[in-house]
Structure formats: structure tokens, C-alpha cells
Amino acid sequence: MRRFAPLALLIAFAACFPSDTPGDPYGVYAVVGTLRVNECGQDAAPVQLPYQRVYELYRQDTGVAQLMGSDGSVINGSIGKEGTFQFSSQSAIRMIEPDEIFGIRGCDLVVALTIEGKAVRKKVSGEDEEEEYELEPLEGTLTTRFTPAPGSDCSELLYGSASGGRFHTLPCRVILDLEGEPVVEEALAGQ
């Protein structure tokens with residue numbers, strides 16, 4: 001059985017890296033997250049607080065968008081015209097290797113990450129000149145769900161099992177409430 005260290009990615013993104021441009025800049029935010037709930041348990045899904053990241057949002061005319069984190073991660077999603085956004089990714093982590101000889105089915109956990117909320121920007125300049133926008137604070141949630149994959153036996157990951165698992169329950173969620181202040185480009189240059 002693997003220890004839970006690989007799931008320190010809990011609050012990191014399950015990242016994919018695009019080969020093309022992400023779209024037009026939408027806004028940059030200094031984001032702080034506070035823990036709302038950790039159903040999994042701190043031993044199973046350690047939440048590193050304070051959660052602080054810079055989110056760069058990019059949006060295409062179609063609403064397709066990308067969120068780039070200050071840790072180099074990228075997650076795909078969408079931003080609506082009214083500023084509502086949703087970004088999500090999913091990956092599987094092998095926690096227990098299957099072993100046919102001993103009748104062990106193995107355990108794969110599906111880790112689904114969703115960042116959703118609202119980041120409104122208001123147009124402040126006219127049609128003829130280069131468009132300028134004023135950003136309002138970002139509000140949202142970061143939810144990480146851990147679910148056993150179909151056919152998996154993850155009972156050994158549960159607290160109180162013979163192997164001393166660390167999860168309080170499965171499936172489970174960790175939810176952070178997010179607040180983000182707009183970052184001006186001059187402030188970024190100083191970092």
C-alpha cells in the first residue's frame with residue numbers, strides 16, 4: 001500500500017499543460033483559501049494552510065478558459081459572460097496494487113478537482129481605444145473529491161482497518177472557500 005504522500009497534490013492542481021495559447025488575459029488574482037470541511041481527515045488529505053496562490057485567468061471568445069496557478073499548474077474550464085467560472089480536472093492514483101495470487105483487487109482513487117465561483121470584470125474604456133477592465137474580487141470554492149474507482153477495494157485505506165488506514169470515510173471531499181483580490185500588473189513585476 002502506498003502512503004498518502006502523493007495526495008499532497010490535494011490542493012495542487014491535477015495539471016495539464018497546453019501547447020497553444022490559452023486565450024486573452026481575463027484577470028490576475030491573489031487568492032487565499034480557508035478550510036470549510038475536510039471529510040477525509042487531516043491524516044489522509046493534509047491541507048496545507050494558509051492556502052495562497054496567484055491565479056491567472058485566460059478566456060477565449062467562446063467562453064473556454066484556463067486557470068494558471070502560481071505553482072505552474074494549468075486547469076481547463078470556462079468563464080461565462082457574467083463572470084461565473086468553473087475549472088475541473090480528474091486523475092486516478094493507485095493506492096494499493098492488485099495481486100491475483102492473494103486475491104487483492106487493489107485500490108485506485110479518482111481525484112476530482114473543481115474550482116468554481118465568480119470573477120466579475122467591468123469594461124471601463126470605449127470601443128475605439130484599447131479595451132480596459134476593472135476587476136472585482138474573486139469569490140469561489142475549491143473542492144477535491146476522493147472516490148474509489150469502480151472495481152476497487154479501498155477498505156484498507158479507512159481508519160480502523162487492519163492496515164491502519166487514514167481516511168475517515170470514502171468517498172470524501174475537502175472544500176476550501178476562496179477569496180481573491182485583483183492584482184495589478186505593476187505589483188506582479190515586483191515579485
# chains A, B, ... in the order shown; residues from 1 in each chain; ligands from 1
$ select_by_dssp --residues "stretch 28-188 of chain A" --states "strand (DSSP E or B)" --output "PDB file with N, CA and C atoms, in the first residue's frame"
ATOM      1  N   VAL A  28      -5.951  38.655 -13.060  1.00  0.00           N
ATOM      2  CA  VAL A  28      -4.973  38.031 -12.173  1.00  0.00           C
ATOM      3  C   VAL A  28      -5.420  38.328 -10.748  1.00  0.00           C
ATOM      4  N   TYR A  29      -5.421  37.286  -9.893  1.00  0.00           N
ATOM      5  CA  TYR A  29      -5.935  37.413  -8.535  1.00  0.00           C
ATOM      6  C   TYR A  29      -4.978  36.781  -7.522  1.00  0.00           C
ATOM      7  N   ALA A  30      -4.778  37.453  -6.404  1.00  0.00           N
ATOM      8  CA  ALA A  30      -4.076  36.878  -5.261  1.00  0.00           C
ATOM      9  C   ALA A  30      -5.138  36.185  -4.414  1.00  0.00           C
ATOM     10  N   VAL A  31      -5.113  34.851  -4.391  1.00  0.00           N
ATOM     11  CA  VAL A  31      -6.184  34.056  -3.801  1.00  0.00           C
ATOM     12  C   VAL A  31      -5.743  33.475  -2.463  1.00  0.00           C
ATOM     13  N   VAL A  32      -6.654  33.547  -1.494  1.00  0.00           N
ATOM     14  CA  VAL A  32      -6.464  32.939  -0.180  1.00  0.00           C
ATOM     15  C   VAL A  32      -7.632  31.985   0.041  1.00  0.00           C
ATOM     16  N   GLY A  33      -7.313  30.770   0.520  1.00  0.00           N
ATOM     17  CA  GLY A  33      -8.346  29.775   0.782  1.00  0.00           C
ATOM     18  C   GLY A  33      -8.422  29.439   2.254  1.00  0.00           C
ATOM     19  N   THR A  34      -9.647  29.337   2.770  1.00  0.00           N
ATOM     20  CA  THR A  34      -9.868  28.902   4.146  1.00  0.00           C
ATOM     21  C   THR A  34     -10.629  27.583   4.112  1.00  0.00           C
ATOM     22  N   LEU A  35     -10.290  26.703   5.030  1.00  0.00           N
ATOM     23  CA  LEU A  35     -10.878  25.371   5.069  1.00  0.00           C
ATOM     24  C   LEU A  35     -12.324  25.437   5.546  1.00  0.00           C
ATOM     25  N   ARG A  36     -13.225  24.908   4.726  1.00  0.00           N
ATOM     26  CA  ARG A  36     -14.620  24.781   5.131  1.00  0.00           C
ATOM     27  C   ARG A  36     -14.848  23.410   5.762  1.00  0.00           C
ATOM     28  N   VAL A  37     -14.361  22.336   5.082  1.00  0.00           N
ATOM     29  CA  VAL A  37     -14.578  20.978   5.588  1.00  0.00           C
ATOM     30  C   VAL A  37     -13.517  20.046   5.014  1.00  0.00           C
ATOM     31  N   ASN A  38     -13.109  19.074   5.835  1.00  0.00           N
ATOM     32  CA  ASN A  38     -12.234  18.002   5.381  1.00  0.00           C
ATOM     33  C   ASN A  38     -12.857  16.694   5.855  1.00  0.00           C
ATOM     34  N   TYR A  51      -3.562  28.549   2.476  1.00  0.00           N
ATOM     35  CA  TYR A  51      -3.572  28.298   1.036  1.00  0.00           C
ATOM     36  C   TYR A  51      -3.506  29.657   0.363  1.00  0.00           C
ATOM     37  N   GLN A  52      -2.405  29.919  -0.335  1.00  0.00           N
ATOM     38  CA  GLN A  52      -2.234  31.195  -1.024  1.00  0.00           C
ATOM     39  C   GLN A  52      -1.653  30.922  -2.399  1.00  0.00           C
ATOM     40  N   ARG A  53      -2.303  31.423  -3.427  1.00  0.00           N
ATOM     41  CA  ARG A  53      -1.852  31.255  -4.802  1.00  0.00           C
ATOM     42  C   ARG A  53      -2.180  32.524  -5.585  1.00  0.00           C
ATOM     43  N   VAL A  54      -1.501  32.682  -6.702  1.00  0.00           N
ATOM     44  CA  VAL A  54      -1.890  33.693  -7.682  1.00  0.00           C
ATOM     45  C   VAL A  54      -2.532  32.933  -8.825  1.00  0.00           C
ATOM     46  N   TYR A  55      -3.765  33.285  -9.162  1.00  0.00           N
ATOM     47  CA  TYR A  55      -4.485  32.676 -10.272  1.00  0.00           C
ATOM     48  C   TYR A  55      -4.471  33.656 -11.443  1.00  0.00           C
ATOM     49  N   GLU A  56      -4.019  33.180 -12.594  1.00  0.00           N
ATOM     50  CA  GLU A  56      -4.125  33.954 -13.833  1.00  0.00           C
ATOM     51  C   GLU A  56      -5.218  33.305 -14.666  1.00  0.00           C
ATOM     52  N   LEU A  57      -6.242  34.072 -15.015  1.00  0.00           N
ATOM     53  CA  LEU A  57      -7.353  33.555 -15.800  1.00  0.00           C
ATOM     54  C   LEU A  57      -7.243  34.059 -17.235  1.00  0.00           C
ATOM     55  N   TYR A  58      -7.471  33.132 -18.171  1.00  0.00           N
ATOM     56  CA  TYR A  58      -7.480  33.446 -19.599  1.00  0.00           C
ATOM     57  C   TYR A  58      -8.786  32.948 -20.176  1.00  0.00           C
ATOM     58  N   ARG A  59      -9.349  33.716 -21.121  1.00  0.00           N
ATOM     59  CA  ARG A  59     -10.648  33.354 -21.699  1.00  0.00           C
ATOM     60  C   ARG A  59     -10.641  33.596 -23.198  1.00  0.00           C
ATOM     61  N   VAL A  64     -14.382  29.280 -23.417  1.00  0.00           N
ATOM     62  CA  VAL A  64     -13.378  28.309 -22.983  1.00  0.00           C
ATOM     63  C   VAL A  64     -12.275  29.073 -22.269  1.00  0.00           C
ATOM     64  N   ALA A  65     -11.807  28.538 -21.147  1.00  0.00           N
ATOM     65  CA  ALA A  65     -10.849  29.288 -20.337  1.00  0.00           C
ATOM     66  C   ALA A  65      -9.814  28.368 -19.720  1.00  0.00           C
ATOM     67  N   GLN A  66      -8.757  28.993 -19.226  1.00  0.00           N
ATOM     68  CA  GLN A  66      -7.717  28.276 -18.494  1.00  0.00           C
ATOM     69  C   GLN A  66      -7.348  29.078 -17.257  1.00  0.00           C
ATOM     70  N   LEU A  67      -7.048  28.351 -16.195  1.00  0.00           N
ATOM     71  CA  LEU A  67      -6.577  28.933 -14.956  1.00  0.00           C
ATOM     72  C   LEU A  67      -5.143  28.465 -14.764  1.00  0.00           C
ATOM     73  N   MET A  68      -4.236  29.423 -14.648  1.00  0.00           N
ATOM     74  CA  MET A  68      -2.829  29.103 -14.399  1.00  0.00           C
ATOM     75  C   MET A  68      -2.513  29.500 -12.969  1.00  0.00           C
ATOM     76  N   GLY A  69      -1.998  28.533 -12.203  1.00  0.00           N
ATOM     77  CA  GLY A  69      -1.649  28.795 -10.815  1.00  0.00           C
ATOM     78  C   GLY A  69      -0.208  29.235 -10.681  1.00  0.00           C
ATOM     79  N   VAL A  74      -1.889  24.185 -14.611  1.00  0.00           N
ATOM     80  CA  VAL A  74      -2.883  24.711 -15.547  1.00  0.00           C
ATOM     81  C   VAL A  74      -4.105  23.804 -15.474  1.00  0.00           C
ATOM     82  N   ILE A  75      -5.282  24.407 -15.424  1.00  0.00           N
ATOM     83  CA  ILE A  75      -6.515  23.631 -15.397  1.00  0.00           C
ATOM     84  C   ILE A  75      -7.499  24.276 -16.362  1.00  0.00           C
ATOM     85  N   ASN A  76      -8.205  23.458 -17.120  1.00  0.00           N
ATOM     86  CA  ASN A  76      -9.130  23.944 -18.144  1.00  0.00           C
ATOM     87  C   ASN A  76     -10.541  24.104 -17.593  1.00  0.00           C
ATOM     88  N   GLY A  77     -11.305  24.983 -18.226  1.00  0.00           N
ATOM     89  CA  GLY A  77     -12.680  25.204 -17.808  1.00  0.00           C
ATOM     90  C   GLY A  77     -13.359  26.233 -18.671  1.00  0.00           C
ATOM     91  N   SER A  78     -14.220  27.024 -18.023  1.00  0.00           N
ATOM     92  CA  SER A  78     -14.964  28.046 -18.755  1.00  0.00           C
ATOM     93  C   SER A  78     -15.237  29.238 -17.848  1.00  0.00           C
ATOM     94  N   ILE A  79     -15.399  30.403 -18.501  1.00  0.00           N
ATOM     95  CA  ILE A  79     -15.811  31.623 -17.818  1.00  0.00           C
ATOM     96  C   ILE A  79     -16.966  32.193 -18.620  1.00  0.00           C
ATOM     97  N   THR A  84     -19.096  34.105 -14.066  1.00  0.00           N
ATOM     98  CA  THR A  84     -19.099  32.820 -13.377  1.00  0.00           C
ATOM     99  C   THR A  84     -18.095  31.898 -14.052  1.00  0.00           C
ATOM    100  N   PHE A  85     -17.369  31.135 -13.246  1.00  0.00           N
ATOM    101  CA  PHE A  85     -16.340  30.263 -13.807  1.00  0.00           C
ATOM    102  C   PHE A  85     -16.426  28.875 -13.187  1.00  0.00           C
ATOM    103  N   GLN A  86     -15.916  27.902 -13.944  1.00  0.00           N
ATOM    104  CA  GLN A  86     -15.745  26.545 -13.438  1.00  0.00           C
ATOM    105  C   GLN A  86     -14.550  25.934 -14.153  1.00  0.00           C
ATOM    106  N   PHE A  87     -13.621  25.413 -13.353  1.00  0.00           N
ATOM    107  CA  PHE A  87     -12.446  24.714 -13.853  1.00  0.00           C
ATOM    108  C   PHE A  87     -12.426  23.353 -13.178  1.00  0.00           C
ATOM    109  N   SER A  88     -12.102  22.311 -13.943  1.00  0.00           N
ATOM    110  CA  SER A  88     -12.085  20.986 -13.327  1.00  0.00           C
ATOM    111  C   SER A  88     -11.063  20.083 -13.998  1.00  0.00           C
ATOM    112  N   SER A  89     -10.606  19.111 -13.215  1.00  0.00           N
ATOM    113  CA  SER A  89      -9.708  18.085 -13.729  1.00  0.00           C
ATOM    114  C   SER A  89      -9.936  16.818 -12.914  1.00  0.00           C
ATOM    115  N   GLN A  90      -9.461  15.716 -13.464  1.00  0.00           N
ATOM    116  CA  GLN A  90      -9.630  14.429 -12.800  1.00  0.00           C
ATOM    117  C   GLN A  90      -8.432  13.546 -13.103  1.00  0.00           C
ATOM    118  N   SER A  91      -7.988  12.810 -12.113  1.00  0.00           N
ATOM    119  CA  SER A  91      -6.894  11.864 -12.301  1.00  0.00           C
ATOM    120  C   SER A  91      -7.119  10.685 -11.363  1.00  0.00           C
ATOM    121  N   ALA A  92      -6.413   9.593 -11.610  1.00  0.00           N
ATOM    122  CA  ALA A  92      -6.502   8.411 -10.758  1.00  0.00           C
ATOM    123  C   ALA A  92      -5.138   8.131 -10.150  1.00  0.00           C
ATOM    124  N   ILE A  93      -5.137   7.716  -8.891  1.00  0.00           N
ATOM    125  CA  ILE A  93      -3.907   7.397  -8.184  1.00  0.00           C
ATOM    126  C   ILE A  93      -4.017   5.969  -7.662  1.00  0.00           C
ATOM    127  N   ARG A  94      -3.039   5.140  -7.982  1.00  0.00           N
ATOM    128  CA  ARG A  94      -3.002   3.764  -7.492  1.00  0.00           C
ATOM    129  C   ARG A  94      -2.531   3.785  -6.046  1.00  0.00           C
ATOM    130  N   MET A  95      -3.409   3.360  -5.139  1.00  0.00           N
ATOM    131  CA  MET A  95      -3.083   3.336  -3.717  1.00  0.00           C
ATOM    132  C   MET A  95      -2.670   1.946  -3.255  1.00  0.00           C
ATOM    133  N   ILE A  96      -3.312   0.892  -3.801  1.00  0.00           N
ATOM    134  CA  ILE A  96      -2.991  -0.489  -3.447  1.00  0.00           C
ATOM    135  C   ILE A  96      -2.868  -1.279  -4.738  1.00  0.00           C
ATOM    136  N   ASP A  99      -3.288  -7.894  -6.631  1.00  0.00           N
ATOM    137  CA  ASP A  99      -2.475  -9.120  -6.572  1.00  0.00           C
ATOM    138  C   ASP A  99      -3.416 -10.309  -6.693  1.00  0.00           C
ATOM    139  N   ILE A 104      -6.208  -9.883  -3.984  1.00  0.00           N
ATOM    140  CA  ILE A 104      -6.344  -8.455  -3.669  1.00  0.00           C
ATOM    141  C   ILE A 104      -6.755  -7.715  -4.938  1.00  0.00           C
ATOM    142  N   CYS A 107      -6.642  -0.905  -5.163  1.00  0.00           N
ATOM    143  CA  CYS A 107      -7.426   0.317  -4.937  1.00  0.00           C
ATOM    144  C   CYS A 107      -6.852   1.452  -5.768  1.00  0.00           C
ATOM    145  N   ASP A 108      -7.688   1.997  -6.623  1.00  0.00           N
ATOM    146  CA  ASP A 108      -7.387   3.226  -7.346  1.00  0.00           C
ATOM    147  C   ASP A 108      -8.352   4.288  -6.845  1.00  0.00           C
ATOM    148  N   LEU A 109      -7.823   5.436  -6.466  1.00  0.00           N
ATOM    149  CA  LEU A 109      -8.666   6.559  -6.062  1.00  0.00           C
ATOM    150  C   LEU A 109      -8.751   7.550  -7.209  1.00  0.00           C
ATOM    151  N   VAL A 110      -9.969   7.947  -7.531  1.00  0.00           N
ATOM    152  CA  VAL A 110     -10.192   9.002  -8.509  1.00  0.00           C
ATOM    153  C   VAL A 110     -10.220  10.319  -7.740  1.00  0.00           C
ATOM    154  N   VAL A 111      -9.334  11.230  -8.141  1.00  0.00           N
ATOM    155  CA  VAL A 111      -9.238  12.539  -7.505  1.00  0.00           C
ATOM    156  C   VAL A 111      -9.797  13.560  -8.492  1.00  0.00           C
ATOM    157  N   ALA A 112     -10.936  14.157  -8.123  1.00  0.00           N
ATOM    158  CA  ALA A 112     -11.596  15.146  -8.979  1.00  0.00           C
ATOM    159  C   ALA A 112     -11.497  16.513  -8.316  1.00  0.00           C
ATOM    160  N   LEU A 113     -10.989  17.462  -9.062  1.00  0.00           N
ATOM    161  CA  LEU A 113     -10.779  18.815  -8.564  1.00  0.00           C
ATOM    162  C   LEU A 113     -11.713  19.768  -9.299  1.00  0.00           C
ATOM    163  N   THR A 114     -12.422  20.607  -8.553  1.00  0.00           N
ATOM    164  CA  THR A 114     -13.307  21.611  -9.152  1.00  0.00           C
ATOM    165  C   THR A 114     -13.073  22.955  -8.469  1.00  0.00           C
ATOM    166  N   ILE A 115     -12.825  23.963  -9.289  1.00  0.00           N
ATOM    167  CA  ILE A 115     -12.727  25.339  -8.797  1.00  0.00           C
ATOM    168  C   ILE A 115     -13.857  26.100  -9.479  1.00  0.00           C
ATOM    169  N   GLU A 116     -14.753  26.658  -8.682  1.00  0.00           N
ATOM    170  CA  GLU A 116     -15.885  27.384  -9.271  1.00  0.00           C
ATOM    171  C   GLU A 116     -16.220  28.613  -8.446  1.00  0.00           C
ATOM    172  N   GLY A 117     -16.842  29.574  -9.103  1.00  0.00           N
ATOM    173  CA  GLY A 117     -17.221  30.793  -8.420  1.00  0.00           C
ATOM    174  C   GLY A 117     -17.505  31.913  -9.395  1.00  0.00           C
ATOM    175  N   LYS A 118     -17.139  33.130  -8.968  1.00  0.00           N
ATOM    176  CA  LYS A 118     -17.432  34.304  -9.790  1.00  0.00           C
ATOM    177  C   LYS A 118     -16.259  35.273  -9.732  1.00  0.00           C
ATOM    178  N   ARG A 121     -15.614  41.239 -14.174  1.00  0.00           N
ATOM    179  CA  ARG A 121     -14.812  42.371 -14.642  1.00  0.00           C
ATOM    180  C   ARG A 121     -15.733  43.285 -15.438  1.00  0.00           C
ATOM    181  N   LYS A 122     -15.571  44.581 -15.213  1.00  0.00           N
ATOM    182  CA  LYS A 122     -16.415  45.586 -15.870  1.00  0.00           C
ATOM    183  C   LYS A 122     -15.571  46.388 -16.836  1.00  0.00           C
ATOM    184  N   LYS A 123     -16.119  46.603 -18.018  1.00  0.00           N
ATOM    185  CA  LYS A 123     -15.433  47.390 -19.037  1.00  0.00           C
ATOM    186  C   LYS A 123     -15.453  48.860 -18.627  1.00  0.00           C
ATOM    187  N   TYR A 133     -10.451  46.967 -18.365  1.00  0.00           N
ATOM    188  CA  TYR A 133     -11.450  46.407 -17.470  1.00  0.00           C
ATOM    189  C   TYR A 133     -11.073  46.670 -16.024  1.00  0.00           C
ATOM    190  N   GLU A 134     -12.090  46.800 -15.182  1.00  0.00           N
ATOM    191  CA  GLU A 134     -11.912  46.891 -13.743  1.00  0.00           C
ATOM    192  C   GLU A 134     -12.356  45.557 -13.155  1.00  0.00           C
ATOM    193  N   LEU A 135     -11.508  44.957 -12.323  1.00  0.00           N
ATOM    194  CA  LEU A 135     -11.808  43.648 -11.745  1.00  0.00           C
ATOM    195  C   LEU A 135     -12.404  43.788 -10.357  1.00  0.00           C
ATOM    196  N   LEU A 138     -12.542  38.105  -6.560  1.00  0.00           N
ATOM    197  CA  LEU A 138     -12.949  36.748  -6.924  1.00  0.00           C
ATOM    198  C   LEU A 138     -13.503  36.060  -5.674  1.00  0.00           C
ATOM    199  N   GLU A 139     -14.594  35.314  -5.852  1.00  0.00           N
ATOM    200  CA  GLU A 139     -15.160  34.503  -4.781  1.00  0.00           C
ATOM    201  C   GLU A 139     -15.444  33.129  -5.346  1.00  0.00           C
ATOM    202  N   GLY A 140     -15.151  32.085  -4.562  1.00  0.00           N
ATOM    203  CA  GLY A 140     -15.428  30.746  -5.067  1.00  0.00           C
ATOM    204  C   GLY A 140     -15.080  29.658  -4.082  1.00  0.00           C
ATOM    205  N   THR A 141     -15.029  28.439  -4.588  1.00  0.00           N
ATOM    206  CA  THR A 141     -14.665  27.276  -3.791  1.00  0.00           C
ATOM    207  C   THR A 141     -13.712  26.387  -4.578  1.00  0.00           C
ATOM    208  N   LEU A 142     -12.892  25.680  -3.853  1.00  0.00           N
ATOM    209  CA  LEU A 142     -12.015  24.650  -4.400  1.00  0.00           C
ATOM    210  C   LEU A 142     -12.425  23.353  -3.717  1.00  0.00           C
ATOM    211  N   THR A 143     -12.958  22.415  -4.498  1.00  0.00           N
ATOM    212  CA  THR A 143     -13.427  21.139  -3.959  1.00  0.00           C
ATOM    213  C   THR A 143     -12.594  20.012  -4.544  1.00  0.00           C
ATOM    214  N   THR A 144     -12.060  19.166  -3.665  1.00  0.00           N
ATOM    215  CA  THR A 144     -11.330  17.981  -4.089  1.00  0.00           C
ATOM    216  C   THR A 144     -12.098  16.773  -3.581  1.00  0.00           C
ATOM    217  N   ARG A 145     -12.506  15.883  -4.520  1.00  0.00           N
ATOM    218  CA  ARG A 145     -13.253  14.669  -4.160  1.00  0.00           C
ATOM    219  C   ARG A 145     -12.364  13.451  -4.365  1.00  0.00           C
ATOM    220  N   PHE A 146     -12.394  12.546  -3.404  1.00  0.00           N
ATOM    221  CA  PHE A 146     -11.683  11.276  -3.481  1.00  0.00           C
ATOM    222  C   PHE A 146     -12.723  10.170  -3.541  1.00  0.00           C
ATOM    223  N   THR A 147     -12.731   9.403  -4.631  1.00  0.00           N
ATOM    224  CA  THR A 147     -13.727   8.352  -4.837  1.00  0.00           C
ATOM    225  C   THR A 147     -13.028   7.080  -5.297  1.00  0.00           C
ATOM    226  N   PRO A 148     -13.312   5.925  -4.670  1.00  0.00           N
ATOM    227  CA  PRO A 148     -12.742   4.682  -5.184  1.00  0.00           C
ATOM    228  C   PRO A 148     -13.204   4.429  -6.618  1.00  0.00           C
ATOM    229  N   LEU A 158      -9.304   2.916   5.008  1.00  0.00           N
ATOM    230  CA  LEU A 158     -10.167   3.508   6.025  1.00  0.00           C
ATOM    231  C   LEU A 158      -9.567   3.382   7.421  1.00  0.00           C
ATOM    232  N   PHE A 167      -8.103   7.381   6.062  1.00  0.00           N
ATOM    233  CA  PHE A 167      -9.330   8.058   5.636  1.00  0.00           C
ATOM    234  C   PHE A 167     -10.444   7.830   6.657  1.00  0.00           C
ATOM    235  N   CYS A 172     -15.004  10.951  -0.122  1.00  0.00           N
ATOM    236  CA  CYS A 172     -14.950  12.100   0.776  1.00  0.00           C
ATOM    237  C   CYS A 172     -14.562  13.347  -0.012  1.00  0.00           C
ATOM    238  N   ARG A 173     -14.751  14.520   0.638  1.00  0.00           N
ATOM    239  CA  ARG A 173     -14.442  15.805  -0.001  1.00  0.00           C
ATOM    240  C   ARG A 173     -13.642  16.690   0.936  1.00  0.00           C
ATOM    241  N   VAL A 174     -12.836  17.535   0.319  1.00  0.00           N
ATOM    242  CA  VAL A 174     -12.168  18.634   1.025  1.00  0.00           C
ATOM    243  C   VAL A 174     -12.586  19.898   0.289  1.00  0.00           C
ATOM    244  N   ILE A 175     -13.122  20.869   1.042  1.00  0.00           N
ATOM    245  CA  ILE A 175     -13.623  22.100   0.425  1.00  0.00           C
ATOM    246  C   ILE A 175     -12.941  23.302   1.062  1.00  0.00           C
ATOM    247  N   LEU A 176     -12.387  24.159   0.201  1.00  0.00           N
ATOM    248  CA  LEU A 176     -11.835  25.440   0.633  1.00  0.00           C
ATOM    249  C   LEU A 176     -12.692  26.567   0.067  1.00  0.00           C
ATOM    250  N   ASP A 177     -12.965  27.572   0.878  1.00  0.00           N
ATOM    251  CA  ASP A 177     -13.600  28.798   0.393  1.00  0.00           C
ATOM    252  C   ASP A 177     -12.493  29.722  -0.087  1.00  0.00           C
ATOM    253  N   LEU A 178     -12.665  30.276  -1.283  1.00  0.00           N
ATOM    254  CA  LEU A 178     -11.639  31.117  -1.911  1.00  0.00           C
ATOM    255  C   LEU A 178     -12.068  32.571  -1.967  1.00  0.00           C
ATOM    256  N   GLU A 179     -11.116  33.461  -1.678  1.00  0.00           N
ATOM    257  CA  GLU A 179     -11.298  34.893  -1.879  1.00  0.00           C
ATOM    258  C   GLU A 179     -10.058  35.397  -2.584  1.00  0.00           C
ATOM    259  N   GLY A 180     -10.252  36.190  -3.647  1.00  0.00           N
ATOM    260  CA  GLY A 180      -9.116  36.676  -4.409  1.00  0.00           C
ATOM    261  C   GLY A 180      -9.212  38.157  -4.696  1.00  0.00           C
ATOM    262  N   GLU A 181      -8.138  38.854  -4.414  1.00  0.00           N
ATOM    263  CA  GLU A 181      -8.065  40.281  -4.726  1.00  0.00           C
ATOM    264  C   GLU A 181      -7.379  40.462  -6.075  1.00  0.00           C
ATOM    265  N   PRO A 182      -7.905  41.357  -6.913  1.00  0.00           N
ATOM    266  CA  PRO A 182      -7.241  41.623  -8.192  1.00  0.00           C
ATOM    267  C   PRO A 182      -5.810  42.108  -7.984  1.00  0.00           C
TER     268      PRO A 182
END
$ atom_distance --atom1 "atom CA of A:Gln42" --atom2 "atom CA of A:Pro137"
29.3 Å
$ closest_residue --among "A:Arg166, A:Pro171, A:Arg105, A:Val120" --to "A:Asp153" --atoms "only C-alpha atoms"
A:Arg105
$ select_by_dssp --residues "chain A" --states "alpha helix (DSSP H)" --output "list in words"
Glu185, Glu186, Ala187, Leu188 and Ala189 of chain A
$ write_last_selection --atoms "C-alpha atoms" --output "PDB file, in the first residue's frame"
ATOM      1  CA  GLU A 185       0.488  44.248 -13.395  1.00  0.00           C
ATOM      2  CA  GLU A 186       2.874  46.624 -11.639  1.00  0.00           C
ATOM      3  CA  ALA A 187       2.565  44.569  -8.427  1.00  0.00           C
ATOM      4  CA  LEU A 188       3.366  41.358 -10.337  1.00  0.00           C
ATOM      5  CA  ALA A 189       6.522  42.893 -11.805  1.00  0.00           C
TER       6      ALA A 189
END
$ residues_around --residues "A:His168" --least-positions-apart "2" --cutoff "6 Å" --atoms "only C-alpha atoms" --output "ChimeraX atom specification"
/A:40-41,158-159
$ residues_around --residues "A:Glu131" --least-positions-apart "4" --cutoff "12 Å" --atoms "only C-alpha atoms" --output "number ranges by chain"
A: 24-26, 121-127
$ write_last_selection --atoms "N, CA and C atoms" --output "mmCIF file, in the first residue's frame"
data_model
loop_
_atom_site.group_PDB
_atom_site.id
_atom_site.type_symbol
_atom_site.label_atom_id
_atom_site.label_comp_id
_atom_site.auth_asym_id
_atom_site.auth_seq_id
_atom_site.Cartn_x
_atom_site.Cartn_y
_atom_site.Cartn_z
ATOM 1 N N ASP A 24 -7.293 35.189 -24.277
ATOM 2 C CA ASP A 24 -6.989 36.557 -23.869
ATOM 3 C C ASP A 24 -6.919 36.640 -22.341
ATOM 4 N N PRO A 25 -6.026 37.476 -21.801
ATOM 5 C CA PRO A 25 -5.978 37.650 -20.352
ATOM 6 C C PRO A 25 -7.339 38.120 -19.841
ATOM 7 N N TYR A 26 -7.808 37.492 -18.770
ATOM 8 C CA TYR A 26 -9.093 37.852 -18.160
ATOM 9 C C TYR A 26 -8.880 38.588 -16.854
ATOM 10 N N ARG A 121 -15.614 41.239 -14.174
ATOM 11 C CA ARG A 121 -14.812 42.371 -14.642
ATOM 12 C C ARG A 121 -15.733 43.285 -15.438
ATOM 13 N N LYS A 122 -15.571 44.581 -15.213
ATOM 14 C CA LYS A 122 -16.415 45.586 -15.870
ATOM 15 C C LYS A 122 -15.571 46.388 -16.836
ATOM 16 N N LYS A 123 -16.119 46.603 -18.018
ATOM 17 C CA LYS A 123 -15.433 47.390 -19.037
ATOM 18 C C LYS A 123 -15.453 48.860 -18.627
ATOM 19 N N VAL A 124 -14.274 49.521 -18.695
ATOM 20 C CA VAL A 124 -14.198 50.925 -18.295
ATOM 21 C C VAL A 124 -13.732 51.836 -19.419
ATOM 22 N N SER A 125 -13.360 51.270 -20.582
ATOM 23 C CA SER A 125 -12.958 52.132 -21.697
ATOM 24 C C SER A 125 -13.793 51.803 -22.916
ATOM 25 N N GLY A 126 -13.837 52.764 -23.843
ATOM 26 C CA GLY A 126 -14.714 52.699 -25.009
ATOM 27 C C GLY A 126 -14.268 51.753 -26.109
ATOM 28 N N GLU A 127 -15.030 51.790 -27.200
ATOM 29 C CA GLU A 127 -14.846 50.903 -28.344
ATOM 30 C C GLU A 127 -13.593 51.227 -29.168
#
$ atom_distance --atom1 "atom CA of A:Gly80" --atom2 "atom CA of A:Gly63"
5.8 Å
$ atom_distance --atom1 "atom CA of A:Leu49" --atom2 "atom CA of A:Glu156"
27.6 Å
$ decode --residues "stretch 155-171 of chain A" --atoms "C-alpha atoms" --output "mmCIF file, in the first residue's frame"
data_model
loop_
_atom_site.group_PDB
_atom_site.id
_atom_site.type_symbol
_atom_site.label_atom_id
_atom_site.label_comp_id
_atom_site.auth_asym_id
_atom_site.auth_seq_id
_atom_site.Cartn_x
_atom_site.Cartn_y
_atom_site.Cartn_z
ATOM 1 C CA SER A 155 -11.396 -0.608 2.576
ATOM 2 C CA GLU A 156 -7.768 -0.851 3.774
ATOM 3 C CA LEU A 157 -7.474 2.927 3.403
ATOM 4 C CA LEU A 158 -10.167 3.508 6.025
ATOM 5 C CA TYR A 159 -9.313 4.458 9.577
ATOM 6 C CA GLY A 160 -9.641 1.459 11.889
ATOM 7 C CA SER A 161 -8.814 -1.101 9.188
ATOM 8 C CA ALA A 162 -6.219 -3.829 9.892
ATOM 9 C CA SER A 163 -3.592 -1.910 7.919
ATOM 10 C CA GLY A 164 -4.217 1.330 9.814
ATOM 11 C CA GLY A 165 -5.737 3.415 7.029
ATOM 12 C CA ARG A 166 -6.070 7.161 7.419
ATOM 13 C CA PHE A 167 -9.330 8.058 5.636
ATOM 14 C CA HIS A 168 -12.319 8.731 7.878
ATOM 15 C CA THR A 169 -14.652 7.788 5.026
ATOM 16 C CA LEU A 170 -14.655 7.172 1.260
ATOM 17 C CA PRO A 171 -15.798 8.820 -0.910
#
